[in-house]
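Structure file upload37.cif; described as mmCIF, C-alpha atoms.
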data_my_file
loop_
_atom_site.group_PDB
_atom_site.id
_atom_site.type_symbol
_atom_site.label_atom_id
_atom_site.label_comp_id
_atom_site.auth_asym_id
_atom_site.auth_seq_id
_atom_site.Cartn_x
_atom_site.Cartn_y
_atom_site.Cartn_z
ATOM 1 C CA MET A 30 -141.564 121.951 -46.916
ATOM 2 C CA ARG A 31 -139.856 119.628 -44.413
ATOM 3 C CA THR A 32 -141.172 116.080 -43.790
ATOM 4 C CA ASP A 33 -142.154 116.900 -40.200
ATOM 5 C CA GLU A 34 -144.187 119.902 -41.411
ATOM 6 C CA LEU A 35 -145.959 117.753 -43.998
ATOM 7 C CA ALA A 36 -146.759 115.140 -41.338
ATOM 8 C CA ALA A 37 -148.418 117.800 -39.188
ATOM 9 C CA ARG A 38 -150.870 118.727 -41.949
ATOM 10 C CA GLY A 39 -154.027 116.869 -42.843
ATOM 11 C CA VAL A 40 -154.363 115.130 -46.211
ATOM 12 C CA ALA A 41 -157.291 115.539 -48.604
ATOM 13 C CA LEU A 42 -157.770 112.779 -51.136
ATOM 14 C CA ARG A 43 -160.375 111.573 -53.579
ATOM 15 C CA VAL A 44 -161.450 107.966 -53.984
ATOM 16 C CA ALA A 45 -163.794 106.467 -56.555
ATOM 17 C CA THR A 46 -165.439 103.199 -57.466
ATOM 18 C CA TRP A 47 -166.627 102.254 -60.951
ATOM 19 C CA ASN A 48 -168.022 99.133 -62.561
ATOM 20 C CA ILE A 49 -166.629 99.486 -66.088
ATOM 21 C CA HIS A 50 -168.688 96.652 -67.653
ATOM 22 C CA GLY A 51 -165.637 95.042 -69.232
ATOM 23 C CA GLY A 52 -164.793 98.297 -70.994
ATOM 24 C CA ILE A 53 -167.917 97.962 -73.149
ATOM 25 C CA GLY A 54 -170.112 101.034 -73.233
ATOM 26 C CA ARG A 55 -173.827 101.524 -73.701
ATOM 27 C CA ASP A 56 -173.097 101.790 -77.431
ATOM 28 C CA ARG A 57 -171.768 98.172 -77.251
ATOM 29 C CA ARG A 58 -168.246 99.267 -78.201
ATOM 30 C CA TYR A 59 -165.151 98.138 -76.351
ATOM 31 C CA ASP A 60 -163.283 101.426 -75.928
ATOM 32 C CA PRO A 61 -160.375 101.445 -73.437
ATOM 33 C CA ALA A 62 -159.444 105.004 -74.430
ATOM 34 C CA ARG A 63 -162.888 106.106 -73.275
ATOM 35 C CA ILE A 64 -162.309 104.409 -69.905
ATOM 36 C CA VAL A 65 -159.005 106.298 -69.611
ATOM 37 C CA GLY A 66 -160.804 109.532 -70.479
ATOM 38 C CA VAL A 67 -163.388 109.098 -67.721
ATOM 39 C CA LEU A 68 -160.688 108.238 -65.188
ATOM 40 C CA ARG A 69 -158.884 111.446 -66.119
ATOM 41 C CA GLU A 70 -162.126 113.356 -65.489
ATOM 42 C CA LEU A 71 -162.465 111.826 -62.014
ATOM 43 C CA ASN A 72 -159.020 113.059 -60.949
ATOM 44 C CA ALA A 73 -159.123 110.489 -58.130
ATOM 45 C CA ASP A 74 -156.171 109.311 -56.065
ATOM 46 C CA VAL A 75 -157.517 105.788 -55.499
ATOM 47 C CA VAL A 76 -159.981 103.975 -57.771
ATOM 48 C CA ALA A 77 -161.712 100.622 -57.329
ATOM 49 C CA LEU A 78 -162.741 99.044 -60.633
ATOM 50 C CA GLN A 79 -165.105 96.126 -61.153
ATOM 51 C CA GLU A 80 -165.791 93.960 -64.210
ATOM 52 C CA VAL A 81 -162.287 94.503 -65.528
ATOM 53 C CA ALA A 82 -161.776 92.241 -68.533
ATOM 54 C CA SER A 83 -158.383 91.515 -70.060
ATOM 55 C CA LEU A 84 -159.306 89.919 -73.350
ATOM 56 C CA ALA A 85 -156.675 88.476 -75.666
ATOM 57 C CA GLU A 86 -158.313 89.959 -78.747
ATOM 58 C CA HIS A 87 -158.271 93.473 -77.251
ATOM 59 C CA GLY A 88 -155.034 93.488 -75.274
ATOM 60 C CA ASP A 89 -154.697 94.100 -71.572
ATOM 61 C CA LEU A 90 -156.497 97.129 -70.122
ATOM 62 C CA LEU A 91 -154.519 97.389 -66.880
ATOM 63 C CA PRO A 92 -151.090 98.082 -68.457
ATOM 64 C CA LEU A 93 -152.810 100.799 -70.503
ATOM 65 C CA LEU A 94 -154.123 102.433 -67.324
ATOM 66 C CA ARG A 95 -150.701 102.204 -65.715
ATOM 67 C CA ARG A 96 -149.002 103.715 -68.748
ATOM 68 C CA GLU A 97 -151.520 106.471 -69.483
ATOM 69 C CA LEU A 98 -152.426 107.523 -65.934
ATOM 70 C CA GLY A 99 -149.366 106.650 -63.854
ATOM 71 C CA PHE A 100 -151.262 104.633 -61.257
ATOM 72 C CA VAL A 101 -149.942 101.751 -59.229
ATOM 73 C CA VAL A 102 -152.206 98.965 -60.520
ATOM 74 C CA VAL A 103 -153.304 95.969 -58.443
ATOM 75 C CA ALA A 104 -155.178 93.262 -60.329
ATOM 76 C CA GLY A 105 -157.713 91.089 -58.543
ATOM 77 C CA PRO A 106 -159.010 88.582 -61.087
ATOM 78 C CA THR A 107 -161.861 86.396 -59.915
ATOM 79 C CA ARG A 108 -162.177 84.332 -63.084
ATOM 80 C CA ALA A 109 -159.316 83.267 -65.314
ATOM 81 C CA SER A 110 -159.187 81.145 -68.439
ATOM 82 C CA LYS A 111 -157.052 81.101 -71.546
ATOM 83 C CA GLY A 112 -157.093 84.598 -73.006
ATOM 84 C CA ASP A 113 -159.696 85.905 -70.571
ATOM 85 C CA ASP A 114 -159.095 87.341 -67.079
ATOM 86 C CA TYR A 115 -161.999 89.031 -65.359
ATOM 87 C CA GLY A 116 -162.532 90.628 -61.970
ATOM 88 C CA ASN A 117 -161.514 93.610 -59.855
ATOM 89 C CA ALA A 118 -158.659 96.109 -59.920
ATOM 90 C CA LEU A 119 -157.371 98.834 -57.629
ATOM 91 C CA LEU A 120 -155.581 101.932 -58.932
ATOM 92 C CA SER A 121 -153.544 104.110 -56.563
ATOM 93 C CA ARG A 122 -151.400 107.220 -56.843
ATOM 94 C CA TYR A 123 -149.937 106.271 -53.456
ATOM 95 C CA PRO A 124 -147.456 103.462 -52.757
ATOM 96 C CA VAL A 125 -149.063 100.119 -51.940
ATOM 97 C CA GLU A 126 -147.443 98.601 -48.855
ATOM 98 C CA ARG A 127 -149.168 95.230 -48.994
ATOM 99 C CA VAL A 128 -151.998 93.443 -50.803
ATOM 100 C CA VAL A 129 -154.152 90.474 -49.834
ATOM 101 C CA GLN A 130 -156.437 88.858 -52.393
ATOM 102 C CA VAL A 131 -159.602 87.715 -50.612
ATOM 103 C CA ASP A 132 -161.815 84.933 -51.993
ATOM 104 C CA LEU A 133 -165.472 85.790 -51.361
ATOM 105 C CA SER A 134 -166.888 83.077 -53.591
ATOM 106 C CA VAL A 135 -170.037 81.267 -52.483
ATOM 107 C CA GLN A 136 -170.466 77.684 -53.655
ATOM 108 C CA VAL A 137 -172.138 77.215 -57.079
ATOM 109 C CA ARG A 138 -172.306 80.970 -57.619
ATOM 110 C CA GLU A 139 -170.078 83.202 -59.788
ATOM 111 C CA PRO A 140 -166.594 83.653 -58.261
ATOM 112 C CA ARG A 141 -166.250 86.871 -56.266
ATOM 113 C CA GLY A 142 -163.365 88.501 -54.459
ATOM 114 C CA ALA A 143 -161.956 91.565 -52.765
ATOM 115 C CA ILE A 144 -158.642 93.400 -52.894
ATOM 116 C CA ASP A 145 -157.434 94.291 -49.397
ATOM 117 C CA ALA A 146 -154.643 96.868 -49.786
ATOM 118 C CA MET A 147 -152.666 98.981 -47.336
ATOM 119 C CA LEU A 148 -151.641 102.300 -48.869
ATOM 120 C CA MET A 149 -149.015 104.745 -47.613
ATOM 121 C CA VAL A 150 -150.423 108.259 -47.830
ATOM 122 C CA GLY A 151 -147.334 110.195 -46.843
ATOM 123 C CA GLU A 152 -146.593 108.857 -43.366
ATOM 124 C CA ARG A 153 -150.163 107.642 -42.871
ATOM 125 C CA ARG A 154 -151.586 104.235 -43.605
ATOM 126 C CA LEU A 155 -154.954 103.881 -45.327
ATOM 127 C CA ARG A 156 -156.577 100.481 -45.730
ATOM 128 C CA VAL A 157 -158.733 100.071 -48.834
ATOM 129 C CA LEU A 158 -161.024 97.137 -49.607
ATOM 130 C CA SER A 159 -162.315 96.976 -53.160
ATOM 131 C CA THR A 160 -165.007 94.428 -53.957
ATOM 132 C CA HIS A 161 -167.884 93.317 -56.163
ATOM 133 C CA LEU A 162 -170.520 91.322 -54.292
ATOM 134 C CA GLY A 163 -172.816 88.590 -55.557
ATOM 135 C CA LEU A 164 -176.236 88.849 -57.136
ATOM 136 C CA ARG A 165 -178.140 86.802 -54.543
ATOM 137 C CA PRO A 166 -179.047 88.199 -51.103
ATOM 138 C CA TYR A 167 -177.620 85.158 -49.274
ATOM 139 C CA GLU A 168 -174.305 85.647 -51.120
ATOM 140 C CA ARG A 169 -174.069 89.273 -50.105
ATOM 141 C CA ARG A 170 -174.851 88.479 -46.467
ATOM 142 C CA GLN A 171 -172.020 85.955 -46.291
ATOM 143 C CA GLN A 172 -169.615 88.198 -48.188
ATOM 144 C CA VAL A 173 -170.248 91.272 -46.032
ATOM 145 C CA GLN A 174 -169.877 89.187 -42.883
ATOM 146 C CA GLN A 175 -166.510 87.924 -44.160
ATOM 147 C CA VAL A 176 -165.293 91.418 -45.055
ATOM 148 C CA LEU A 177 -166.312 92.907 -41.711
ATOM 149 C CA ALA A 178 -164.637 90.081 -39.811
ATOM 150 C CA MET A 179 -161.375 90.941 -41.592
ATOM 151 C CA ILE A 180 -161.342 94.532 -40.395
ATOM 152 C CA ASP A 181 -162.331 94.076 -36.756
ATOM 153 C CA ALA A 182 -158.669 94.386 -35.781
ATOM 154 C CA ALA A 183 -157.738 97.347 -37.991
ATOM 155 C CA ASP A 184 -155.549 98.862 -35.204
ATOM 156 C CA GLY A 185 -156.824 102.383 -35.671
ATOM 157 C CA VAL A 186 -155.937 102.573 -39.362
ATOM 158 C CA PRO A 187 -158.654 104.358 -41.407
ATOM 159 C CA VAL A 188 -160.542 101.892 -43.604
ATOM 160 C CA VAL A 189 -162.323 102.510 -46.912
ATOM 161 C CA ILE A 190 -164.724 99.929 -48.337
ATOM 162 C CA MET A 191 -165.921 100.578 -51.862
ATOM 163 C CA GLY A 192 -167.259 98.726 -54.833
ATOM 164 C CA ASP A 193 -170.357 97.404 -56.552
ATOM 165 C CA LEU A 194 -172.431 95.866 -53.759
ATOM 166 C CA ASN A 195 -175.247 94.696 -56.061
ATOM 167 C CA GLU A 196 -177.700 95.490 -53.247
ATOM 168 C CA TRP A 197 -181.013 96.359 -54.857
ATOM 169 C CA PHE A 198 -182.969 96.752 -51.622
ATOM 170 C CA LEU A 199 -182.626 99.871 -49.493
ATOM 171 C CA TRP A 200 -182.782 97.864 -46.256
ATOM 172 C CA GLY A 201 -181.110 94.659 -47.406
ATOM 173 C CA ARG A 202 -179.291 92.761 -44.654
ATOM 174 C CA ALA A 203 -175.875 93.342 -46.226
ATOM 175 C CA LEU A 204 -176.410 97.110 -46.122
ATOM 176 C CA ARG A 205 -177.725 96.975 -42.558
ATOM 177 C CA ARG A 206 -174.546 95.200 -41.435
ATOM 178 C CA LEU A 207 -172.339 97.774 -43.131
ATOM 179 C CA HIS A 208 -174.386 100.657 -41.750
ATOM 180 C CA ALA A 209 -174.071 99.214 -38.237
ATOM 181 C CA ASP A 210 -170.265 99.117 -38.460
ATOM 182 C CA PHE A 211 -169.593 102.160 -40.682
ATOM 183 C CA HIS A 212 -172.728 104.297 -40.152
ATOM 184 C CA PRO A 213 -175.143 105.173 -42.984
ATOM 185 C CA ARG A 214 -173.482 107.043 -45.823
ATOM 186 C CA PRO A 215 -174.957 109.033 -48.731
ATOM 187 C CA ALA A 216 -175.977 106.646 -51.492
ATOM 188 C CA PRO A 217 -176.615 108.411 -54.816
ATOM 189 C CA ALA A 218 -178.021 106.303 -57.643
ATOM 190 C CA THR A 219 -175.425 105.127 -60.205
ATOM 191 C CA PHE A 220 -177.255 102.466 -62.229
ATOM 192 C CA PRO A 221 -178.229 102.440 -65.033
ATOM 193 C CA SER A 222 -175.891 105.167 -66.221
ATOM 194 C CA ARG A 223 -178.305 106.733 -68.708
ATOM 195 C CA CYS A 224 -180.953 107.386 -66.047
ATOM 196 C CA PRO A 225 -179.708 106.226 -62.627
ATOM 197 C CA LEU A 226 -182.319 104.703 -60.316
ATOM 198 C CA LEU A 227 -180.374 102.293 -58.086
ATOM 199 C CA ALA A 228 -177.514 102.867 -55.623
ATOM 200 C CA LEU A 229 -175.552 99.698 -56.405
ATOM 201 C CA ASP A 230 -172.144 101.353 -55.968
ATOM 202 C CA ARG A 231 -171.117 102.410 -52.456
ATOM 203 C CA ILE A 232 -168.261 104.015 -50.523
ATOM 204 C CA TRP A 233 -167.798 103.832 -46.742
ATOM 205 C CA ILE A 234 -164.970 105.080 -44.554
ATOM 206 C CA ARG A 235 -164.214 104.501 -40.892
ATOM 207 C CA PRO A 236 -163.980 106.838 -38.977
ATOM 208 C CA ALA A 237 -167.132 108.113 -40.666
ATOM 209 C CA HIS A 238 -166.405 111.817 -40.076
ATOM 210 C CA TYR A 239 -163.399 111.641 -42.435
ATOM 211 C CA LEU A 240 -165.873 111.542 -45.328
ATOM 212 C CA ARG A 241 -166.519 114.989 -46.797
ATOM 213 C CA GLY A 242 -168.884 114.161 -49.635
ATOM 214 C CA VAL A 243 -170.080 111.511 -52.091
ATOM 215 C CA ALA A 244 -171.447 112.090 -55.594
ATOM 216 C CA PRO A 245 -171.816 110.257 -58.908
ATOM 217 C CA HIS A 246 -169.765 111.479 -61.854
ATOM 218 C CA ARG A 247 -172.314 112.347 -64.549
ATOM 219 C CA SER A 248 -170.270 113.564 -67.522
ATOM 220 C CA PRO A 249 -171.540 112.781 -71.045
ATOM 221 C CA ARG A 250 -168.586 110.422 -71.565
ATOM 222 C CA ALA A 251 -169.254 108.573 -68.297
ATOM 223 C CA ARG A 252 -172.920 108.092 -69.198
ATOM 224 C CA VAL A 253 -171.885 106.140 -72.318
ATOM 225 C CA ALA A 254 -168.670 104.410 -71.192
ATOM 226 C CA SER A 255 -170.390 101.834 -68.927
ATOM 227 C CA ASP A 256 -173.792 100.823 -67.601
ATOM 228 C CA HIS A 257 -172.747 102.234 -64.188
ATOM 229 C CA LEU A 258 -171.730 105.793 -63.355
ATOM 230 C CA PRO A 259 -168.558 106.239 -61.297
ATOM 231 C CA LEU A 260 -169.105 107.135 -57.641
ATOM 232 C CA VAL A 261 -166.630 109.628 -56.151
ATOM 233 C CA ALA A 262 -165.900 110.504 -52.503
ATOM 234 C CA ASP A 263 -163.727 113.183 -50.962
ATOM 235 C CA ILE A 264 -161.924 112.244 -47.746
ATOM 236 C CA ALA A 265 -159.985 114.334 -45.249
ATOM 237 C CA LEU A 266 -157.378 112.557 -43.138
ATOM 238 C CA PRO A 267 -156.510 114.567 -40.000
ATOM 239 C CA PRO A 268 -153.008 115.736 -39.089
ATOM 240 C CA LEU A 269 -150.759 113.176 -37.452
ATOM 241 C CA ALA A 270 -150.674 113.466 -33.687
#

As structure tokens - that is how I would like this structure written.
Amino acid sequence: MRTDELAARGVALRVATWNIHGGIGRDRRYDPARIVGVLRELNADVVALQEVASLAEHGDLLPLLRRELGFVVVAGPTRASKGDDYGNALLSRYPVERVVQVDLSVQVREPRGAIDAMLMVGERRLRVLSTHLGLRPYERRQQVQQVLAMIDAADGVPVVIMGDLNEWFLWGRALRRLHADFHPRPAPATFPSRCPLLALDRIWIRPAHYLRGVAPHRSPRARVASDHLPLVADIALPPLA
């Protein structure tokens, strides 16, 4: 099919977010092959990962994901020391046009950050922000305010925000701010993975009507591989005008 014909068609894609708990499962085993197996099950085009640990004694997880799954891999470490990098990562089957590493750290609290990436989905641009917010409500309020301020001038490019928001309260201020800008989205429980009760992991897209569905991935392997279940969303980008 010619390029102009492809451009006239809409694009369906799948995105996912998953806190992988450093690659350590509920059985307390570090098992990168199990992480790869769950990612294969998701069959997602773009994946936001949190709590990605690259430990010297275990080797580096991200090159394994690149090699085994063929993703473009963007690392977003928030804590680095000798032999130990820890933080976020973004995996994409689409080319990554540009990346900005955003510092969301709040003084005296654990370092936090976001990956702000522009992807090329055919001839379309898709902006993806992958993050892991703080444990304290005042941290999350500041961090959400900072993220939303970054995307005020998105110039009509569709925006996906996804990650572990650590928001325990249904009507927490951080969620209310995101709902105001991105509209309320389905929020299935993903934590703890054995018997999910809390919707800590979230996916939003703007425009909101591009979202076709959101669901946790509940396979037996996923229930053991981390303390969070992956959250998966299907998105439909419209044809180019």

For this session: Run through the PyMOL selection byres ((chain A and resi 47) around 9) on the given coordinates and return the selected residues as an NGL selection string.
Result: :A and (45-46 or 48-50 or 76-80 or 192-193 or 230 or 255 or 257-261)

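Counting all atoms listed in the file and comparing A:Leu164, A:Gly151, A:Leu71, A:Ala146, the residue that lies closest to A:Arg247 is A:Leu71.
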
Compile the contact shell of A:Thr160 as a PyMOL selection string: residues with an atom at most 7 Å away, counting only C-alpha atoms, same-chain residues fewer than 6 positions apart removed. chain A and resi 117+142-144+191-193

Convert the output of the PyMOL selection byres ((chain A and resi 156) around 8) on the shown file into explicit residues, formatted as a tab-separated table (two decimals) with C-alpha atoms, in the frame of the given file.
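File written: part-v8.tsv
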chain	number	residue	atom	x	y	z
A	145	ASP	CA	-157.43	94.29	-49.40
A	146	ALA	CA	-154.64	96.87	-49.79
A	147	MET	CA	-152.67	98.98	-47.34
A	148	LEU	CA	-151.64	102.30	-48.87
A	154	ARG	CA	-151.59	104.24	-43.60
A	155	LEU	CA	-154.95	103.88	-45.33
A	157	VAL	CA	-158.73	100.07	-48.83
A	158	LEU	CA	-161.02	97.14	-49.61
A	186	VAL	CA	-155.94	102.57	-39.36
A	187	PRO	CA	-158.65	104.36	-41.41
A	188	VAL	CA	-160.54	101.89	-43.60
A	189	VAL	CA	-162.32	102.51	-46.91

Skip stretch 98-104 of chain A itself and residues of its chain fewer than 3 positions away, then list as a short mmCIF file (atom, residue, chain, number, x, y, z; two decimals) with C-alpha atoms, keeping the file's coordinate frame all residues within 6 Å of it, counting only C-alpha atoms.
data_model
loop_
_atom_site.label_atom_id
_atom_site.label_comp_id
_atom_site.auth_asym_id
_atom_site.auth_seq_id
_atom_site.Cartn_x
_atom_site.Cartn_y
_atom_site.Cartn_z
CA LEU A 94 -154.12 102.43 -67.32
CA ARG A 95 -150.70 102.20 -65.72
CA ALA A 118 -158.66 96.11 -59.92
CA LEU A 119 -157.37 98.83 -57.63
CA LEU A 120 -155.58 101.93 -58.93
CA SER A 121 -153.54 104.11 -56.56
CA ARG A 122 -151.40 107.22 -56.84
#

How would you write, as a ChimeraX atom specification, the residues chosen by the PyMOL selection byres ((chain A and resi 73) around 6) on this structure? /A:43-44,71-72,74-75

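Taking only C-alpha atoms into account, A:Arg63 lies nearest to A:Leu90 out of the set A:Ala178, A:Leu229, A:Leu90, A:Val243.
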
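For the pair atom CA of A:Asn195 and atom CA of A:Ser222, the interatomic distance is 14.6 Å.
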
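Relative to atom CA of A:Leu133, atom CA of A:Leu162 is found at 8.0 Å.
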